[in-house]
file start.csv (CSV, C-alpha atoms)
chain,number,residue,atom,x,y,z
A,1,MET,CA,10.0,16.7,53.0
A,2,ASP,CA,11.1,16.0,56.6
A,3,VAL,CA,13.9,18.2,57.9
A,4,PHE,CA,15.9,17.1,60.9
A,5,LEU,CA,17.8,19.7,62.9
A,6,CYS,CA,20.9,18.5,64.7
A,7,THR,CA,21.7,20.4,67.9
A,8,SER,CA,24.9,20.3,69.7
A,9,PRO,CA,25.0,18.8,73.2
A,10,PRO,CA,25.0,21.2,76.2
A,11,THR,CA,28.3,22.3,77.5
A,12,PRO,CA,28.9,20.6,80.9
A,13,PRO,CA,29.2,22.9,83.9
A,14,SER,CA,32.6,24.1,85.0
A,15,TYR,CA,33.9,24.3,88.5
A,16,SER,CA,36.7,26.3,90.1
A,17,ALA,CA,38.8,24.5,92.6
A,18,SER,CA,39.6,27.7,94.6
A,19,THR,CA,36.1,29.2,94.8
A,20,ALA,CA,33.9,26.2,94.1
A,21,VAL,CA,31.4,28.4,92.2
A,22,LEU,CA,29.0,26.7,90.0
A,23,SER,CA,28.9,28.2,86.5
A,24,PRO,CA,25.5,28.0,84.8
A,25,PRO,CA,25.3,25.7,81.7
A,26,SER,CA,25.2,27.2,78.3
A,27,PHE,CA,22.8,25.7,75.8
A,28,ALA,CA,23.0,26.3,72.1
A,29,ALA,CA,19.3,25.9,71.8
A,30,ALA,CA,16.3,25.1,73.9
A,31,ASP,CA,16.3,21.5,75.2
A,32,PRO,CA,12.9,20.0,75.0
A,33,PHE,CA,13.8,17.5,77.7
A,34,PRO,CA,15.6,19.4,80.5
A,35,ARG,CA,17.9,17.3,82.6
A,36,PRO,CA,18.7,17.9,86.3
A,37,LEU,CA,22.0,19.4,87.2
A,38,PRO,CA,24.7,17.1,88.4
A,39,PRO,CA,25.5,17.0,92.2
A,40,LEU,CA,28.1,19.2,93.7
A,41,PRO,CA,31.6,17.6,93.9
A,42,PHE,CA,31.7,18.0,97.7
A,43,GLU,CA,29.6,17.5,100.8
A,44,PRO,CA,29.3,19.6,104.0
A,45,GLU,CA,31.9,18.7,106.6
A,46,SER,CA,29.3,18.4,109.4
A,47,PRO,CA,25.6,18.0,108.7
A,48,VAL,CA,23.3,20.6,110.3
A,49,VAL,CA,20.9,18.8,112.7
A,50,ARG,CA,17.8,20.8,113.6
A,51,ALA,CA,16.4,20.2,117.1
A,52,ALA,CA,12.9,18.9,117.1
A,53,SER,CA,10.5,21.3,118.7
A,54,ARG,CA,7.9,18.6,119.3
A,55,PRO,CA,8.1,14.8,119.8
A,56,ALA,CA,8.5,12.7,116.8
A,57,CYS,CA,5.5,10.7,117.6
A,58,ALA,CA,2.2,11.5,119.4
A,59,LEU,CA,2.2,10.8,123.1
A,60,SER,CA,-0.6,9.2,125.0
A,61,PRO,CA,-2.3,11.3,127.6
A,62,LEU,CA,-1.2,8.8,130.2
A,63,THR,CA,2.5,9.0,129.2
A,64,PRO,CA,4.4,11.1,131.8
A,65,LEU,CA,6.2,14.1,130.5
A,66,PRO,CA,10.0,14.3,131.2
A,67,ASP,CA,11.1,16.4,134.1
A,68,THR,CA,12.1,19.8,132.9
A,69,PRO,CA,14.1,22.2,135.2
A,70,PRO,CA,12.2,25.3,136.3
A,71,ARG,CA,12.8,28.5,134.5
A,72,ARG,CA,15.0,31.0,136.2
A,73,THR,CA,13.3,34.4,136.8
A,74,LEU,CA,15.6,37.3,136.2
A,75,ARG,CA,15.5,39.7,139.1
A,76,SER,CA,16.7,43.2,139.2
A,77,SER,CA,19.8,43.9,141.2
A,78,ARG,CA,18.1,46.9,142.7
A,79,LEU,CA,16.0,46.0,145.7
A,80,PRO,CA,12.5,47.4,145.8
A,81,ALA,CA,11.9,50.4,148.1
A,82,PRO,CA,10.6,49.5,151.6
A,83,PRO,CA,6.9,50.3,152.3
A,84,PRO,CA,6.3,53.6,154.0
A,85,SER,CA,6.3,53.4,157.7
A,86,ARG,CA,3.0,54.0,159.4
A,87,SER,CA,2.7,56.1,162.6
A,88,PRO,CA,2.5,53.8,165.6
A,89,SER,CA,-0.6,53.8,167.7
A,90,PRO,CA,-0.5,55.4,171.1
A,91,ASP,CA,-1.6,52.0,172.5
A,92,SER,CA,1.8,50.5,171.5
A,93,ALA,CA,3.6,52.7,174.1
A,94,LEU,CA,4.3,51.3,177.6
A,95,PHE,CA,2.6,53.4,180.3
A,96,THR,CA,1.0,53.3,183.6
A,97,THR,CA,-2.5,54.7,184.5
A,98,ARG,CA,-3.6,57.5,186.8
A,99,THR,CA,-5.9,57.0,189.7
A,100,PHE,CA,-9.3,58.6,190.1
A,101,PRO,CA,-12.2,58.3,192.6
A,102,PHE,CA,-14.6,57.2,189.8
A,103,PRO,CA,-14.5,54.0,187.7
A,104,GLN,CA,-12.3,53.8,184.5
A,105,SER,CA,-13.5,52.4,181.2
A,106,PRO,CA,-11.2,49.7,179.7
A,107,LEU,CA,-12.4,50.7,176.3
A,108,PHE,CA,-10.6,54.0,176.4
A,109,PRO,CA,-7.2,53.3,178.1
A,110,LEU,CA,-5.5,56.5,176.8
A,111,LEU,CA,-7.8,58.7,178.8
A,112,TYR,CA,-6.1,57.5,182.0
A,113,ARG,CA,-2.4,57.1,180.9
A,114,ARG,CA,0.6,58.8,182.4
A,115,PHE,CA,3.2,60.7,180.3
A,116,PRO,CA,7.0,60.7,180.4
A,117,VAL,CA,8.8,63.9,181.4
A,118,SER,CA,11.1,65.1,178.6
A,119,SER,CA,14.7,64.2,179.0
A,120,PHE,CA,15.8,67.3,177.1
A,121,TYR,CA,16.1,70.2,179.5
A,122,ALA,CA,18.7,73.0,180.1
A,123,PRO,CA,18.7,74.2,183.7
A,124,SER,CA,20.3,77.5,182.6
A,125,PRO,CA,20.7,79.3,179.3
A,126,ALA,CA,24.4,78.4,179.3
A,127,ASP,CA,23.8,74.7,179.7
A,128,SER,CA,23.1,72.2,177.0
A,129,PRO,CA,19.7,70.3,176.9
A,130,LEU,CA,21.8,67.1,176.7
A,131,THR,CA,23.7,67.7,179.9
A,132,LEU,CA,21.4,66.0,182.4
A,133,PHE,CA,20.7,62.6,180.7
A,134,ASN,CA,23.1,62.7,177.7
A,135,PRO,CA,20.6,61.7,175.0
A,136,SER,CA,21.4,61.9,171.3
A,137,HIS,CA,20.7,65.2,169.6
A,138,PRO,CA,17.5,65.0,167.5
A,139,GLY,CA,18.3,68.0,165.3
A,140,GLY,CA,17.0,71.5,165.2
A,141,CYS,CA,17.4,74.3,167.8
A,142,TYR,CA,16.6,74.0,171.5
A,143,ASN,CA,13.3,75.6,172.5
A,144,PRO,CA,13.1,76.3,176.2
A,145,PRO,CA,9.8,75.0,177.8
A,146,ARG,CA,7.7,76.9,180.3
A,147,SER,CA,8.8,74.5,183.1
A,148,PRO,CA,10.8,71.3,183.4
A,149,LEU,CA,7.5,69.3,183.7
A,150,ASP,CA,6.0,70.9,180.5
A,151,LEU,CA,4.4,68.1,178.4
A,152,TYR,CA,3.3,70.3,175.5
A,153,THR,CA,6.0,72.7,174.3
A,154,PRO,CA,8.4,71.2,171.7
A,155,ARG,CA,11.9,71.0,173.0
A,156,PHE,CA,13.4,71.4,169.5
A,157,VAL,CA,12.3,73.5,166.5
A,158,ARG,CA,13.6,74.0,163.0
A,159,GLY,CA,12.7,76.3,160.1
A,160,LYS,CA,11.0,79.7,160.2
A,161,GLY,CA,7.6,81.1,159.4
A,162,PRO,CA,5.3,78.7,157.5
A,163,ALA,CA,8.1,76.2,157.4
A,164,LYS,CA,8.6,76.1,161.1
A,165,HIS,CA,8.3,72.6,162.6
A,166,GLY,CA,8.3,71.4,166.2
A,167,LEU,CA,9.5,68.0,167.6
A,168,CYS,CA,6.9,66.1,169.6
A,169,PRO,CA,8.3,65.9,173.2
A,170,ILE,CA,6.5,62.6,173.9
A,171,CYS,CA,7.2,60.6,170.7
A,172,ILE,CA,10.9,61.2,171.0
A,173,GLU,CA,11.2,59.5,174.3
A,174,PRO,CA,12.0,55.7,174.5
A,175,ARG,CA,9.1,53.2,174.4
A,176,ALA,CA,10.1,51.9,177.8
A,177,ARG,CA,9.3,55.4,179.2
A,178,GLY,CA,6.0,55.8,177.4
A,179,GLY,CA,7.2,57.3,174.1
A,180,ALA,CA,7.5,56.0,170.6
A,181,SER,CA,11.3,56.1,170.1
A,182,ARG,CA,10.9,58.2,166.9
A,183,ARG,CA,11.3,61.7,165.8
A,184,VAL,CA,8.0,63.3,164.8
A,185,TRP,CA,8.3,66.8,163.3
A,186,LEU,CA,5.1,68.7,162.8
A,187,ALA,CA,4.2,72.0,161.3
A,188,MET,CA,3.4,74.6,163.9
A,189,LYS,CA,1.9,77.2,161.6
A,190,PHE,CA,-1.0,75.1,160.4
A,191,SER,CA,-2.0,73.6,163.7
A,192,ALA,CA,-0.5,70.2,162.9
A,193,PHE,CA,1.4,70.3,166.1
A,194,LYS,CA,-1.2,71.8,168.3
A,195,SER,CA,-4.5,70.3,167.3
A,196,TYR,CA,-3.9,67.2,165.2
A,197,HIS,CA,-1.1,65.7,167.2
A,198,MET,CA,-0.7,67.0,170.8
A,199,GLN,CA,-4.4,67.5,171.6
A,200,TYR,CA,-6.1,64.8,169.4
A,201,TYR,CA,-3.3,62.2,169.3
A,202,HIS,CA,-1.9,62.5,172.8
A,203,GLY,CA,-4.6,64.3,174.7
A,204,ILE,CA,-2.4,67.1,175.9
A,205,SER,CA,-4.1,70.5,176.5
A,206,ALA,CA,-2.5,73.5,174.8
A,207,THR,CA,-3.8,75.7,177.6
A,208,THR,CA,-2.6,73.8,180.7
A,209,HIS,CA,0.2,71.7,179.0
A,210,ARG,CA,-1.2,68.8,180.9
A,211,PRO,CA,-3.4,65.9,179.9
A,212,PHE,CA,-7.2,66.4,179.6
A,213,SER,CA,-9.3,65.1,182.4
A,214,PRO,CA,-11.3,61.9,181.7
A,215,PRO,CA,-15.1,61.7,181.9
A,216,LEU,CA,-16.9,60.9,185.1
A,217,ALA,CA,-19.1,58.1,183.8
A,218,PHE,CA,-20.2,56.3,180.7
A,219,ARG,CA,-23.6,55.2,179.4
A,220,THR,CA,-25.0,53.7,176.2
A,221,THR,CA,-28.0,55.3,174.4
A,222,PRO,CA,-29.9,53.5,171.6
A,223,ARG,CA,-30.4,55.2,168.3
A,224,THR,CA,-33.7,55.3,166.5
A,225,ASN,CA,-33.9,54.2,162.8
A,226,PRO,CA,-30.2,53.7,162.2
A,227,ALA,CA,-29.2,53.4,158.6
A,228,LYS,CA,-27.1,50.7,157.0
A,229,HIS,CA,-23.5,50.5,158.4
A,230,GLU,CA,-24.5,52.7,161.3
A,231,ARG,CA,-24.4,51.9,165.0
A,232,THR,CA,-27.6,50.9,166.7
A,233,SER,CA,-26.4,52.6,169.9
A,234,ILE,CA,-24.0,55.3,170.9
A,235,ARG,CA,-21.7,55.4,173.9
A,236,GLU,CA,-21.7,58.7,175.8
A,237,ALA,CA,-19.5,60.2,178.6
A,238,ARG,CA,-20.3,62.7,181.2
A,239,CYS,CA,-18.2,65.9,181.4
A,240,HIS,CA,-17.2,67.3,184.8
A,241,LYS,CA,-17.1,70.9,183.5
A,242,CYS,CA,-20.4,71.2,181.6
A,243,ALA,CA,-22.2,68.2,183.1
A,244,ARG,CA,-23.4,67.1,179.7
A,245,TRP,CA,-23.4,63.6,178.1
A,246,VAL,CA,-21.0,63.8,175.2
A,247,PRO,CA,-20.9,61.1,172.4
A,248,VAL,CA,-17.6,59.4,172.4
A,249,GLU,CA,-18.3,57.3,169.2
A,250,GLY,CA,-19.3,58.2,165.7
A,251,ILE,CA,-22.5,57.0,164.1
A,252,LYS,CA,-20.6,55.0,161.5
A,253,ASP,CA,-19.9,51.5,162.6
A,254,VAL,CA,-16.1,51.8,162.0
A,255,GLN,CA,-13.2,51.6,164.4
A,256,PRO,CA,-11.2,54.9,164.5
A,257,LYS,CA,-7.4,54.9,164.9
A,258,VAL,CA,-7.6,56.8,168.2
A,259,LYS,CA,-10.8,55.9,170.1
A,260,GLU,CA,-10.3,58.8,172.6
A,261,LEU,CA,-10.5,61.4,169.8
A,262,PHE,CA,-14.1,62.3,170.3
A,263,TRP,CA,-13.6,63.0,174.0
A,264,TRP,CA,-10.4,65.0,173.5
A,265,LYS,CA,-12.2,67.2,170.9
A,266,HIS,CA,-14.9,68.1,173.5
A,267,ALA,CA,-12.3,68.6,176.2
A,268,ALA,CA,-10.3,71.0,174.1
A,269,ALA,CA,-13.3,73.2,173.5
A,270,CYS,CA,-14.9,72.9,177.0
A,271,HIS,CA,-12.4,72.2,179.8
A,272,GLY,CA,-10.1,75.3,179.6
A,273,THR,CA,-8.0,75.3,182.7
A,274,SER,CA,-10.3,73.0,184.7
A,275,SER,CA,-8.7,69.6,185.7
A,276,LEU,CA,-9.5,66.7,187.9
A,277,ASP,CA,-6.0,65.2,188.0
A,278,PRO,CA,-3.7,65.5,191.0
A,279,PRO,CA,-0.8,67.9,190.3
A,280,LEU,CA,1.9,65.2,190.0
A,281,ASP,CA,-0.1,62.1,189.0
A,282,VAL,CA,0.1,62.7,185.3
A,283,TYR,CA,3.8,61.9,185.0
A,284,GLU,CA,5.7,58.6,184.9
A,285,HIS,CA,7.6,58.4,188.1
A,286,ASP,CA,11.0,57.2,186.8
A,287,SER,CA,14.6,58.2,187.1
A,288,VAL,CA,14.1,61.2,184.7
A,289,TYR,CA,11.2,62.5,186.7
A,290,ALA,CA,13.2,62.1,190.0
A,291,VAL,CA,15.9,64.5,188.6
A,292,VAL,CA,13.7,67.0,186.8
A,293,SER,CA,11.2,67.4,189.6
A,294,GLN,CA,14.0,68.6,191.9
A,295,LEU,CA,15.0,71.5,189.6
call {"tool": "encode", "arguments": {"input": "start.csv", "output": "structure tokens"}}
result
Amino acid sequence: MDVFLCTSPPTPPSYSASTAVLSPPSFAAADPFPRPLPPLPFEPESPVVRAASRPACALSPLTPLPDTPPRRTLRSSRLPAPPPSRSPSPDSALFTTRTFPFPQSPLFPLLYRRFPVSSFYAPSPADSPLTLFNPSHPGGCYNPPRSPLDLYTPRFVRGKGPAKHGLCPICIEPRARGGASRRVWLAMKFSAFKSYHMQYYHGISATTHRPFSPPLAFRTTPRTNPAKHERTSIREARCHKCARWVPVEGIKDVQPKVKELFWWKHAAACHGTSSLDPPLDVYEHDSVYAVVSQL
């Protein structure tokens, strides 16, 4: 006997006007043919349009792309630190040359240069070193030199013991007088002032406080079996004190910062108090020299 079950129709969904919340339908029994839910009674006020990230259709390789504005690069408001300043070469100073009875080599101009007399000098202990020429105070304490024409002694020092530093009396002078227009403080305890700057950078003797004498002559000697990146010949200079031919170049084929370094190293160890320069030809004859030479 066939039995037919009669099921009640599903309860339609209910909506709330205030909250617009969809209530799930209730079924008395499982519906073998599920039907879709009816649409919501309202539509969104403004449809959401999604920007296309790529063109709707494929472009030909020959189709020009639209012009797009360049991207702005965000930069920090803090400017980068300036690069460290390098020490100027002695060649950059303005100077005149001394006169000698023997020929001078144009390859080593610093061997023949004149030097400016320091503009910092106190005629008496009660006077200020700024009285004569009224320069700006470079800092530190005044250090009296041996004489007004002393080119070696630092005119100002600061610190004590291992921390004692001296101011180069040549670099502090203006460039127009042969200086570098800069304050160069060097340690005096570890020979930075004596050897590495005054003698090997300026060529001022620590014994005489005057420039080293230049060589009498130059010659070029070939080298046998030079290695790679080495010179095939060496330039030599003749010393007036020991009469030897001294190499004034290194065997490496590189350009040193101060070409006169090799000769000044020999002169510091050999010359002592010997000198070929006239007494007053080593100074720049300017207005400062005219005043200081009369003291």
call {"tool": "closest_residue", "arguments": {"input": "start.csv", "among": "A:Arg114, A:Lys259, A:Arg175, A:Lys164", "to": "Leu94 in chain A", "atoms": "all atoms listed in the file"}}
result
A:Arg175
call {"tool": "closest_residue", "arguments": {"input": "start.csv", "among": "A:Phe133, A:Tyr152, A:Phe120, A:Trp245", "to": "Ala217 in chain A", "atoms": "only C-alpha atoms"}}
result
A:Trp245
call {"tool": "atom_distance", "arguments": {"input": "start.csv", "atom1": "CA of Leu130 in chain A", "atom2": "CA of Val184 in chain A"}}
result
18.6 Å
call {"tool": "residues_around", "arguments": {"input": "start.csv", "residues": "Ala206 in chain A", "least_positions_apart": "4", "cutoff": "10 Å", "atoms": "only C-alpha atoms", "output": "PyMOL selection string"}}
result
chain A and resi 151-153+194-195+198-199+210-212+268+272-273
call {"tool": "residues_around", "arguments": {"input": "start.csv", "residues": "range 274-291 of chain A", "least_positions_apart": "6", "cutoff": "7 Å", "atoms": "all atoms listed in the file", "output": "list in words"}}
result
Arg98, Arg114, Phe115, Pro116, Val117, Ser119 and Ser213 of chain A
call {"tool": "atom_distance", "arguments": {"input": "start.csv", "atom1": "CA of Pro138 in chain A", "atom2": "CA of Glu260 in chain A"}}
result
28.9 Å
call {"tool": "atom_distance", "arguments": {"input": "start.csv", "atom1": "CA of Thr220 in chain A", "atom2": "CA of Arg235 in chain A"}}
result
4.4 Å
call {"tool": "closest_residue", "arguments": {"input": "start.csv", "among": "A:Ala163, A:Cys270, A:Ala126, A:Leu110", "to": "Leu186 in chain A", "atoms": "only C-alpha atoms"}}
result
A:Ala163
call {"tool": "residues_around", "arguments": {"input": "start.csv", "residues": "range 141-144 of chain A", "least_positions_apart": "4", "cutoff": "10 Å", "atoms": "only C-alpha atoms", "output": "ChimeraX atom specification"}}
result
/A:120-125,128-129,137,148,150,153-159,166-167
call {"tool": "write_last_selection", "arguments": {"input": "start.csv", "atoms": "C-alpha atoms", "output": "mmCIF file, in the coordinates of the input"}}
result
data_model
loop_
_atom_site.group_PDB
_atom_site.id
_atom_site.type_symbol
_atom_site.label_atom_id
_atom_site.label_comp_id
_atom_site.auth_asym_id
_atom_site.auth_seq_id
_atom_site.Cartn_x
_atom_site.Cartn_y
_atom_site.Cartn_z
ATOM 1 C CA PHE A 120 15.800 67.300 177.100
ATOM 2 C CA TYR A 121 16.100 70.200 179.500
ATOM 3 C CA ALA A 122 18.700 73.000 180.100
ATOM 4 C CA PRO A 123 18.700 74.200 183.700
ATOM 5 C CA SER A 124 20.300 77.500 182.600
ATOM 6 C CA PRO A 125 20.700 79.300 179.300
ATOM 7 C CA SER A 128 23.100 72.200 177.000
ATOM 8 C CA PRO A 129 19.700 70.300 176.900
ATOM 9 C CA HIS A 137 20.700 65.200 169.600
ATOM 10 C CA PRO A 148 10.800 71.300 183.400
ATOM 11 C CA ASP A 150 6.000 70.900 180.500
ATOM 12 C CA THR A 153 6.000 72.700 174.300
ATOM 13 C CA PRO A 154 8.400 71.200 171.700
ATOM 14 C CA ARG A 155 11.900 71.000 173.000
ATOM 15 C CA PHE A 156 13.400 71.400 169.500
ATOM 16 C CA VAL A 157 12.300 73.500 166.500
ATOM 17 C CA ARG A 158 13.600 74.000 163.000
ATOM 18 C CA GLY A 159 12.700 76.300 160.100
ATOM 19 C CA GLY A 166 8.300 71.400 166.200
ATOM 20 C CA LEU A 167 9.500 68.000 167.600
#
call {"tool": "closest_residue", "arguments": {"input": "start.csv", "among": "A:Lys189, A:Lys265, A:Arg219, A:Lys252", "to": "Thr232 in chain A", "atoms": "all atoms listed in the file"}}
result
A:Lys252
call {"tool": "closest_residue", "arguments": {"input": "start.csv", "among": "A:His266, A:Arg182, A:Arg223, A:His271", "to": "Val246 in chain A", "atoms": "all atoms listed in the file"}}
result
A:His266
call {"tool": "residues_around", "arguments": {"input": "start.csv", "residues": "Gly179 in chain A", "least_positions_apart": "2", "cutoff": "8 Å", "atoms": "all atoms listed in the file", "output": "ChimeraX atom specification"}}
result
/A:93-94,116,170-177,181
call {"tool": "residues_around", "arguments": {"input": "start.csv", "residues": "Glu230 in chain A", "least_positions_apart": "2", "cutoff": "12 Å", "atoms": "all atoms listed in the file", "output": "compact mmCIF listing (two decimals) with C-alpha atoms, in the frame of the given file"}}
result
# COMPACT_ATOMS: atom_id res chain seq x y z
CA PRO A 222 -29.90 53.50 171.60
CA ARG A 223 -30.40 55.20 168.30
CA THR A 224 -33.70 55.30 166.50
CA ASN A 225 -33.90 54.20 162.80
CA PRO A 226 -30.20 53.70 162.20
CA ALA A 227 -29.20 53.40 158.60
CA LYS A 228 -27.10 50.70 157.00
CA THR A 232 -27.60 50.90 166.70
CA SER A 233 -26.40 52.60 169.90
CA ILE A 234 -24.00 55.30 170.90
CA GLU A 249 -18.30 57.30 169.20
CA GLY A 250 -19.30 58.20 165.70
CA ILE A 251 -22.50 57.00 164.10
CA LYS A 252 -20.60 55.00 161.50
CA ASP A 253 -19.90 51.50 162.60
CA VAL A 254 -16.10 51.80 162.00
CA GLN A 255 -13.20 51.60 164.40
call {"tool": "closest_residue", "arguments": {"input": "start.csv", "among": "A:Arg244, A:Arg231, A:His202, A:His165", "to": "Ala180 in chain A", "atoms": "only C-alpha atoms"}}
result
A:His202
